[in-house]
Amino acid sequence: MKVCVIGSGGREHALAWRLSISPSVTKVYAIPGSAAMSDCAELVGIDWQQSNHLIRFLKDNHIDLVVVGPEAPLVAGLADALNAAGIPVFGPSKAAAQLEGSKVFAKDLMKKYNIPTAAYGVFHKVDEAKEFISQTGAPIVVKADGLAAGKGVVVAMTIDEANAAVEDMLSGNRFGEAGSTVVIEEFMEGEEASLLAFVDGKTVVPMIASQDHKRIFDGDKGPNTGGMGTYAPAPVLTDALRDEAMKTILEPMVAAMEKEGMPYVGCLYAGLMITPQGPKVVEFNARFGDPETQVVLPLLDSDLGQVMMACATGTLTADMVKWKDSSAACVILASKGYPETSSKGDVIHGDIKQHDTTIVFHSGTKLVGEEYVTNGGRVLGVVGLGKDLRTALDRAYGRIEHIDFEGMQYRTDIGAKAFK
Ligand code: AMP
Ligand code: GLY
């Protein structure tokens, strides 16, 4: 079958690469993709926002399945438009994508169906929000309601910090419209893990658990980023805890979505906090994680194209999804100034080709002449594979010694928590 991946980042590079080596897949297209993705996909310069143009291309080229990478097209309703044109899509409808697009929607649904998550309040007025903060005390978490590119969350250690975040978000000077509603949450103590699952509307099949590193600096210091590195499997989510998360979180949420008349299709991403009371939801995402995808998909031992098609057509079964008994680690190389700003156009030196046990996925690069240059905050995701996590990490970091660009920054402690 022919598959089209929408998007152009490191996650989409990993999706296109994994699809390209799936036996059921004869051809992968990427819209718009990136120069680096031409190693596994044919690039098509169409804007997904021009859906008539996109649908004509998909029909003319007999594309069997569309895989939507990022959240923005899903929240905007791209899956609905394609489904209406009779094209199978791996990705949720606009209604179902609200699980990521609106924190209020997600929290209210979790409350209605008793899915474990932090206690919360929803506020539109600064005074009422501050009143709630003074009653609850710090630490406390303040979140802008809409999509804010991973930057709409402030984990406030003091009441002053929380009040400042509320003013910032509700007066609309930092997050614009996305900030006109805030969710204020109880602070949850524990270690985080990402549990992604394949979903076909009814059936939920978990992927291998991974762990992201959200802060920019070693030791989880500094501001939040989109994610500075991942590894899988993550031992913090033991088999018993994963089964508990499936029973108390993912299965009830997918059943709830069906009951609410918005069945969920695609990858459901549960960001979990492993608290002393068990796993609780930090957030849901309506798509694969970035850079979780870069470590989860290399460990898949099944035909990804077939699994995704089964999700899109409501025929998923647990026995379709098998995992390798090995580990993967991804270290993100970010550009100077990230996450506040990002430097563009710095030439990337070194070996960024794919080898047997290391893969370099491109998050933000551009080909200028014969050379790749930086073109965004997160630049490359260097993935090491191995029989265990130590080997995978050594391979990823070993590879990084041969890559360099001006201002390159990365964390040196990816995976360290797994050895605690
Ligand atoms: P989110 O965008 O909702 O995933 O939040 C970003 C990060 O903020 C998470 O990965 C957590 O590290 C942290 N965070 C969010 N909500 C909470 C919470 N209720 N308690 C503790 N930490 C949180
Ligand atoms: N790595 C976090 C995310 O994809 O949202």
# chains A, B, ... in the order shown; residues from 1 in each chain; ligands from 1

call {"tool": "closest_atom_pairs", "arguments": {"of": "chain A", "to": "ligand 2", "cutoff": "7 Å", "atoms": "only C-alpha atoms and all ligand atoms", "output": "Markdown table"}}
result
| residue | atom | partner | partner_atom_place_in_ligand_line | distance |
| --- | --- | --- | --- | --- |
| A:Gly150 | CA | ligand 2 | 5 (O) | 6.8 |
| A:Asp212 | CA | ligand 2 | 1 (N) | 5.9 |
| A:Gly226 | CA | ligand 2 | 1 (N) | 5.6 |
| A:Gly227 | CA | ligand 2 | 1 (N) | 4.8 |
| A:Asn285 | CA | ligand 2 | 5 (O) | 6.6 |
| A:Phe288 | CA | ligand 2 | 4 (O) | 6.6 |
| A:Gly289 | CA | ligand 2 | 4 (O) | 3.3 |
| A:Asp290 | CA | ligand 2 | 4 (O) | 4.0 |
| A:Pro291 | CA | ligand 2 | 1 (N) | 5.3 |
| A:Glu292 | CA | ligand 2 | 1 (N) | 6.0 |

call {"tool": "write_last_selection", "arguments": {"atoms": "C-alpha atoms", "output": "mmCIF file, in the first residue's frame"}}
result
data_model
loop_
_atom_site.group_PDB
_atom_site.id
_atom_site.type_symbol
_atom_site.label_atom_id
_atom_site.label_comp_id
_atom_site.auth_asym_id
_atom_site.auth_seq_id
_atom_site.Cartn_x
_atom_site.Cartn_y
_atom_site.Cartn_z
ATOM 1 C CA GLY A 150 4.416 22.958 24.909
ATOM 2 C CA ASP A 212 11.031 12.017 27.969
ATOM 3 C CA GLY A 226 9.528 20.073 23.537
ATOM 4 C CA GLY A 227 11.712 17.208 24.831
ATOM 5 C CA ASN A 285 -1.814 14.146 23.345
ATOM 6 C CA PHE A 288 2.767 10.394 18.626
ATOM 7 C CA GLY A 289 5.240 12.067 21.001
ATOM 8 C CA ASP A 290 8.341 13.831 19.757
ATOM 9 C CA PRO A 291 10.960 12.484 20.593
ATOM 10 C CA GLU A 292 9.158 9.395 22.028
#

call {"tool": "residues_near_ligand", "arguments": {"ligand": "ligand 1", "cutoff": "9 Å", "atoms": "only C-alpha atoms and all ligand atoms", "output": "ChimeraX atom specification"}}
result
/A:103,117-120,139-143,148-155,184-193,212-215,224-225,271-273,281-285

call {"tool": "write_last_selection", "arguments": {"atoms": "C-alpha atoms", "output": "compact mmCIF listing (two decimals), in the first residue's frame"}}
result
# COMPACT_ATOMS: atom_id res chain seq x y z
CA LYS A 103 -7.05 21.05 28.63
CA THR A 117 -5.53 12.93 37.33
CA ALA A 118 -4.61 15.98 39.42
CA ALA A 119 -7.47 17.90 41.11
CA TYR A 120 -8.12 21.17 39.26
CA PRO A 139 3.70 24.12 44.58
CA ILE A 140 0.86 24.42 42.09
CA VAL A 141 0.57 24.13 38.30
CA VAL A 142 -0.94 26.77 35.97
CA LYS A 143 -1.86 25.78 32.39
CA ALA A 148 0.63 26.59 23.19
CA ALA A 149 3.44 24.55 21.60
CA GLY A 150 4.42 22.96 24.91
CA LYS A 151 5.02 26.34 26.53
CA GLY A 152 1.65 26.97 28.19
CA VAL A 153 2.48 25.21 31.47
CA VAL A 154 4.06 26.80 34.56
CA VAL A 155 4.97 24.57 37.50
CA ILE A 184 -4.96 25.34 37.80
CA GLU A 185 -3.90 21.93 39.08
CA GLU A 186 -2.70 20.21 42.16
CA PHE A 187 1.05 19.46 41.94
CA MET A 188 1.68 15.73 41.52
CA GLU A 189 4.82 14.17 42.97
CA GLY A 190 6.56 11.33 41.13
CA GLU A 191 8.45 10.24 38.04
CA GLU A 192 6.93 10.76 34.58
CA ALA A 193 6.50 8.22 31.78
CA ASP A 212 11.03 12.02 27.97
CA HIS A 213 13.37 14.68 29.42
CA LYS A 214 11.46 17.96 29.20
CA ARG A 215 13.89 20.42 30.80
CA ASN A 224 10.67 23.21 29.68
CA THR A 225 11.31 22.27 26.06
CA GLY A 271 1.66 11.54 29.77
CA LEU A 272 1.68 9.84 33.17
CA MET A 273 2.94 10.72 36.63
CA VAL A 281 -2.63 11.60 33.88
CA VAL A 282 -0.48 14.71 33.39
CA GLU A 283 -1.82 15.26 29.88
CA PHE A 284 -3.19 13.52 26.81
CA ASN A 285 -1.81 14.15 23.34

call {"tool": "atom_distance", "arguments": {"atom1": "CA of Gly376 in chain A", "atom2": "CA of Ala418 in chain A"}}
result
29.3 Å

call {"tool": "closest_residue", "arguments": {"among": "A:Pro223, A:Gly305, A:Gly201, A:Pro263", "to": "Ala96 in chain A", "atoms": "only C-alpha atoms"}}
result
A:Pro263

call {"tool": "atom_distance", "arguments": {"atom1": "CA of Lys322 in chain A", "atom2": "CA of Leu304 in chain A"}}
result
10.2 Å

call {"tool": "atom_distance", "arguments": {"atom1": "CA of Phe198 in chain A", "atom2": "CA of Asp413 in chain A"}}
result
29.5 Å
